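**Student:** So that you have it, the file is work09.tsv, and it contains TSV, C-alpha atoms:
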chain	number	residue	atom	x	y	z
K	1	MET	CA	-64.59	-81.20	-41.26
K	2	THR	CA	-62.71	-83.34	-38.80
K	3	THR	CA	-64.25	-86.35	-37.19
K	4	HIS	CA	-63.42	-88.15	-33.98
K	5	GLY	CA	-60.37	-90.31	-34.55
K	6	ASP	CA	-58.72	-88.19	-37.25
K	7	GLU	CA	-55.86	-87.47	-34.84
K	8	TRP	CA	-55.05	-91.16	-34.37
K	9	HIS	CA	-51.88	-92.57	-35.86
K	10	THR	CA	-51.87	-95.63	-38.03
K	11	VAL	CA	-49.38	-98.41	-37.54
K	12	ASN	CA	-47.97	-100.37	-40.45
K	13	PRO	CA	-48.45	-103.32	-40.15
K	14	PRO	CA	-51.61	-103.04	-38.05
K	15	ILE	CA	-51.12	-103.60	-34.33
K	16	GLU	CA	-53.48	-106.57	-34.48
K	17	GLU	CA	-50.88	-108.39	-36.62
K	18	ALA	CA	-47.96	-107.64	-34.30
K	19	VAL	CA	-46.09	-110.63	-32.91
K	20	GLU	CA	-44.45	-110.59	-29.49
K	21	ILE	CA	-40.74	-111.35	-29.62
K	22	PRO	CA	-39.96	-113.76	-26.77
K	23	TYR	CA	-36.77	-113.29	-24.79
K	24	ASP	CA	-35.25	-114.81	-21.69
K	25	ARG	CA	-34.02	-112.20	-19.20
K	26	SER	CA	-31.39	-114.66	-17.93
K	27	GLU	CA	-29.75	-114.52	-21.37
K	28	MET	CA	-29.46	-110.73	-21.31
K	29	GLY	CA	-25.96	-109.41	-20.80
K	30	PRO	CA	-24.92	-106.33	-18.88
K	31	GLY	CA	-26.10	-103.07	-20.34
K	32	THR	CA	-25.34	-99.40	-20.03
K	33	PHE	CA	-27.44	-96.44	-19.03
K	34	THR	CA	-26.70	-93.03	-20.48
K	35	ILE	CA	-28.30	-89.88	-19.15
K	36	GLU	CA	-27.83	-86.24	-20.02
K	37	VAL	CA	-28.04	-83.74	-17.18
K	38	ARG	CA	-28.12	-79.99	-17.73
K	39	PHE	CA	-26.73	-77.58	-15.13
K	40	ASP	CA	-26.83	-73.80	-15.13
K	41	GLN	CA	-23.62	-71.90	-14.41
K	42	SER	CA	-24.25	-71.51	-10.68
K	43	GLU	CA	-24.84	-75.27	-10.37
K	44	ILE	CA	-21.66	-75.97	-12.33
K	45	ASP	CA	-19.74	-73.69	-9.98
K	46	ARG	CA	-21.14	-75.65	-7.02
K	47	LEU	CA	-20.09	-78.96	-8.62
K	48	HIS	CA	-16.53	-77.82	-9.24
K	49	LYS	CA	-15.96	-76.94	-5.59
K	50	GLY	CA	-14.18	-79.94	-4.13
K	51	ILE	CA	-14.37	-82.08	-7.28
K	52	PRO	CA	-11.28	-82.77	-9.41
K	53	ARG	CA	-11.16	-80.73	-12.62
K	54	GLY	CA	-12.06	-82.39	-15.90
K	55	PRO	CA	-15.14	-84.18	-17.18
K	56	ILE	CA	-14.21	-87.52	-15.62
K	57	GLY	CA	-14.13	-86.05	-12.12
K	58	VAL	CA	-17.60	-84.52	-12.39
K	59	THR	CA	-19.00	-87.57	-14.18
K	60	ARG	CA	-17.66	-89.96	-11.56
K	61	PHE	CA	-18.96	-87.71	-8.77
K	62	ILE	CA	-22.47	-87.59	-10.27
K	63	LYS	CA	-22.51	-91.36	-10.81
K	64	GLU	CA	-21.36	-92.08	-7.24
K	65	ALA	CA	-23.84	-89.55	-5.81
K	66	ALA	CA	-26.73	-91.09	-7.77
K	67	LEU	CA	-25.80	-94.61	-6.66
K	68	ALA	CA	-25.40	-93.52	-3.02
K	69	GLU	CA	-28.83	-91.87	-3.10
K	70	ALA	CA	-30.35	-94.98	-4.71
K	71	ASP	CA	-28.79	-97.16	-1.99
K	72	ARG	CA	-30.10	-94.80	0.72
K	73	ARG	CA	-33.62	-94.88	-0.71
K	74	ALA	CA	-33.56	-98.68	-1.09
K	75	ALA	CA	-32.45	-99.07	2.53
K	76	ALA	CA	-35.22	-96.70	3.66
K	77	ALA	CA	-37.77	-98.69	1.64
K	78	ASP	CA	-36.50	-101.95	3.17
K	79	THR	CA	-36.82	-100.44	6.66
K	80	GLN	CA	-40.39	-99.33	5.86
K	81	VAL	CA	-41.29	-102.83	4.65
K	82	LEU	CA	-39.95	-104.32	7.90
K	83	ARG	CA	-41.96	-101.83	9.97
K	84	GLU	CA	-45.14	-102.69	8.09
K	85	ALA	CA	-44.48	-106.42	8.59
K	86	ASP	CA	-44.43	-106.01	12.40
Now, as a test, write the supplied structure out as structure tokens.
**Tutor:**
Amino acid sequence: MTTHGDEWHTVNPPIEEAVEIPYDRSEMGPGTFTIEVRFDQSEIDRLHKGIPRGPIGVTRFIKEAALAEADRRAAAADTQVLREAD
């Protein structure tokens, strides 16, 4: 017979004994961000149109496209904040 709580995981040592590790964000160095993106064949065909052949060309294109979209969304958010401030 199962009882309520049987599905819970135990932590060793117990979470109550955990100690927070302090860190100063100003001391953090630059980092990297790795992401895996899966494309089906029709999407790959679309990517290769107009993009230089080879993995670096597609990788650079995806990185630049993601950053451009992030910049566009940040600018839109900034514009919305200014509208709400008026």
**Student:** Considering all atoms listed in the file, can you say which of K:Leu47, K:Ala85, K:Ile15, K:Ala75 comes closest to Thr59 in chain K?
**Tutor:**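 The closest residue to Thr59 in chain K is K:Leu47.
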**Student:** Axis-aligned box over every listed atom of range 39-53 of chain K, padded by 3 Å per side: centre and edges in Å to one decimal, as JSON?
**Tutor:**
{"center_x": -19.0, "center_y": -77.1, "center_z": -9.6, "size_x": 21.7, "size_y": 17.3, "size_z": 17.0}
**Student:** Find the residue from K:Ala77, K:Ile62, K:Ile51, K:Leu67 that sits nearest to Glu36 in chain K; use only C-alpha atoms when measuring.
**Tutor:**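 Counting only C-alpha atoms, the residue closest to Glu36 in chain K is K:Ile62.
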**Student:** Quick one: distance from CA of Thr34 in chain K to CA of Lys63 in chain K in Å, one decimal?
**Tutor:**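 Between these atoms lies a distance of 10.7 Å.
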**Student:** Can you give me all heavy atoms for range 17-28 of chain K, written as an mmCIF file, in the coordinates of the input?
**Tutor:**
data_model
loop_
_atom_site.group_PDB
_atom_site.id
_atom_site.type_symbol
_atom_site.label_atom_id
_atom_site.label_comp_id
_atom_site.auth_asym_id
_atom_site.auth_seq_id
_atom_site.Cartn_x
_atom_site.Cartn_y
_atom_site.Cartn_z
ATOM 1 N N GLU K 17 -51.731 -107.377 -35.999
ATOM 2 C CA GLU K 17 -50.880 -108.390 -36.620
ATOM 3 C C GLU K 17 -49.495 -108.464 -35.971
ATOM 4 O O GLU K 17 -48.653 -109.244 -36.391
ATOM 5 C CB GLU K 17 -50.726 -108.085 -38.106
ATOM 6 C CG GLU K 17 -52.030 -108.167 -38.867
ATOM 7 C CD GLU K 17 -51.869 -107.754 -40.323
ATOM 8 O OE1 GLU K 17 -50.731 -107.702 -40.820
ATOM 9 O OE2 GLU K 17 -52.900 -107.474 -40.963
ATOM 10 N N ALA K 18 -49.266 -107.654 -34.957
ATOM 11 C CA ALA K 18 -47.960 -107.640 -34.300
ATOM 12 C C ALA K 18 -47.722 -108.964 -33.578
ATOM 13 O O ALA K 18 -48.643 -109.593 -33.063
ATOM 14 C CB ALA K 18 -47.873 -106.490 -33.304
ATOM 15 N N VAL K 19 -46.478 -109.386 -33.558
ATOM 16 C CA VAL K 19 -46.090 -110.630 -32.910
ATOM 17 C C VAL K 19 -45.113 -110.286 -31.791
ATOM 18 O O VAL K 19 -44.156 -109.540 -31.995
ATOM 19 C CB VAL K 19 -45.431 -111.595 -33.912
ATOM 20 C CG1 VAL K 19 -44.970 -112.861 -33.229
ATOM 21 C CG2 VAL K 19 -46.383 -111.905 -35.053
ATOM 22 N N GLU K 20 -45.354 -110.830 -30.609
ATOM 23 C CA GLU K 20 -44.450 -110.590 -29.490
ATOM 24 C C GLU K 20 -43.165 -111.367 -29.715
ATOM 25 O O GLU K 20 -43.176 -112.535 -30.098
ATOM 26 C CB GLU K 20 -45.098 -111.040 -28.179
ATOM 27 C CG GLU K 20 -44.242 -110.749 -26.975
ATOM 28 C CD GLU K 20 -44.918 -111.109 -25.662
ATOM 29 O OE1 GLU K 20 -46.120 -111.414 -25.666
ATOM 30 O OE2 GLU K 20 -44.228 -111.087 -24.642
ATOM 31 N N ILE K 21 -42.044 -110.706 -29.477
ATOM 32 C CA ILE K 21 -40.740 -111.350 -29.620
ATOM 33 C C ILE K 21 -40.337 -111.876 -28.244
ATOM 34 O O ILE K 21 -40.097 -111.099 -27.321
ATOM 35 C CB ILE K 21 -39.685 -110.359 -30.137
ATOM 36 C CG1 ILE K 21 -40.118 -109.808 -31.500
ATOM 37 C CG2 ILE K 21 -38.308 -111.018 -30.197
ATOM 38 C CD1 ILE K 21 -39.255 -108.668 -31.996
ATOM 39 N N PRO K 22 -40.301 -113.195 -28.086
ATOM 40 C CA PRO K 22 -39.960 -113.760 -26.770
ATOM 41 C C PRO K 22 -38.471 -113.567 -26.472
ATOM 42 O O PRO K 22 -37.629 -113.578 -27.360
ATOM 43 C CB PRO K 22 -40.306 -115.234 -26.920
ATOM 44 C CG PRO K 22 -40.199 -115.507 -28.373
ATOM 45 C CD PRO K 22 -40.569 -114.226 -29.076
ATOM 46 N N TYR K 23 -38.166 -113.365 -25.213
ATOM 47 C CA TYR K 23 -36.770 -113.290 -24.790
ATOM 48 C C TYR K 23 -36.678 -113.808 -23.364
ATOM 49 O O TYR K 23 -37.638 -113.776 -22.606
ATOM 50 C CB TYR K 23 -36.208 -111.886 -24.891
ATOM 51 C CG TYR K 23 -36.775 -110.919 -23.880
ATOM 52 C CD1 TYR K 23 -36.099 -110.667 -22.689
ATOM 53 C CD2 TYR K 23 -37.971 -110.254 -24.113
ATOM 54 C CE1 TYR K 23 -36.621 -109.785 -21.758
ATOM 55 C CE2 TYR K 23 -38.491 -109.379 -23.189
ATOM 56 C CZ TYR K 23 -37.819 -109.141 -22.014
ATOM 57 O OH TYR K 23 -38.320 -108.282 -21.097
ATOM 58 N N ASP K 24 -35.512 -114.291 -23.032
ATOM 59 C CA ASP K 24 -35.250 -114.810 -21.690
ATOM 60 C C ASP K 24 -34.328 -113.820 -20.994
ATOM 61 O O ASP K 24 -33.193 -113.599 -21.430
ATOM 62 C CB ASP K 24 -34.589 -116.188 -21.799
ATOM 63 C CG ASP K 24 -34.377 -116.844 -20.448
ATOM 64 O OD1 ASP K 24 -34.660 -116.194 -19.412
ATOM 65 O OD2 ASP K 24 -33.929 -118.002 -20.427
ATOM 66 N N ARG K 25 -34.816 -113.203 -19.898
ATOM 67 C CA ARG K 25 -34.020 -112.200 -19.200
ATOM 68 C C ARG K 25 -32.690 -112.773 -18.696
ATOM 69 O O ARG K 25 -31.720 -112.039 -18.557
ATOM 70 C CB ARG K 25 -34.804 -111.600 -18.030
ATOM 71 C CG ARG K 25 -35.890 -110.661 -18.496
ATOM 72 C CD ARG K 25 -36.406 -109.762 -17.409
ATOM 73 N NE ARG K 25 -35.507 -108.794 -16.855
ATOM 74 C CZ ARG K 25 -35.188 -107.622 -17.392
ATOM 75 N NH1 ARG K 25 -35.695 -107.297 -18.563
ATOM 76 N NH2 ARG K 25 -34.398 -106.789 -16.781
ATOM 77 N N SER K 26 -32.642 -114.067 -18.429
ATOM 78 C CA SER K 26 -31.390 -114.660 -17.930
ATOM 79 C C SER K 26 -30.315 -114.671 -19.009
ATOM 80 O O SER K 26 -29.136 -114.786 -18.707
ATOM 81 C CB SER K 26 -31.636 -116.083 -17.425
ATOM 82 O OG SER K 26 -32.019 -116.927 -18.502
ATOM 83 N N GLU K 27 -30.714 -114.540 -20.280
ATOM 84 C CA GLU K 27 -29.750 -114.520 -21.370
ATOM 85 C C GLU K 27 -29.269 -113.111 -21.702
ATOM 86 O O GLU K 27 -28.402 -112.936 -22.547
ATOM 87 C CB GLU K 27 -30.350 -115.169 -22.615
ATOM 88 C CG GLU K 27 -30.638 -116.649 -22.450
ATOM 89 C CD GLU K 27 -31.291 -117.256 -23.665
ATOM 90 O OE1 GLU K 27 -31.498 -116.543 -24.668
ATOM 91 O OE2 GLU K 27 -31.599 -118.452 -23.611
ATOM 92 N N MET K 28 -29.854 -112.118 -21.040
ATOM 93 C CA MET K 28 -29.460 -110.730 -21.310
ATOM 94 C C MET K 28 -28.123 -110.439 -20.637
ATOM 95 O O MET K 28 -27.889 -110.820 -19.495
ATOM 96 C CB MET K 28 -30.524 -109.771 -20.799
ATOM 97 C CG MET K 28 -31.828 -109.874 -21.554
ATOM 98 S SD MET K 28 -33.092 -108.779 -20.910
ATOM 99 C CE MET K 28 -32.384 -107.194 -21.278
#
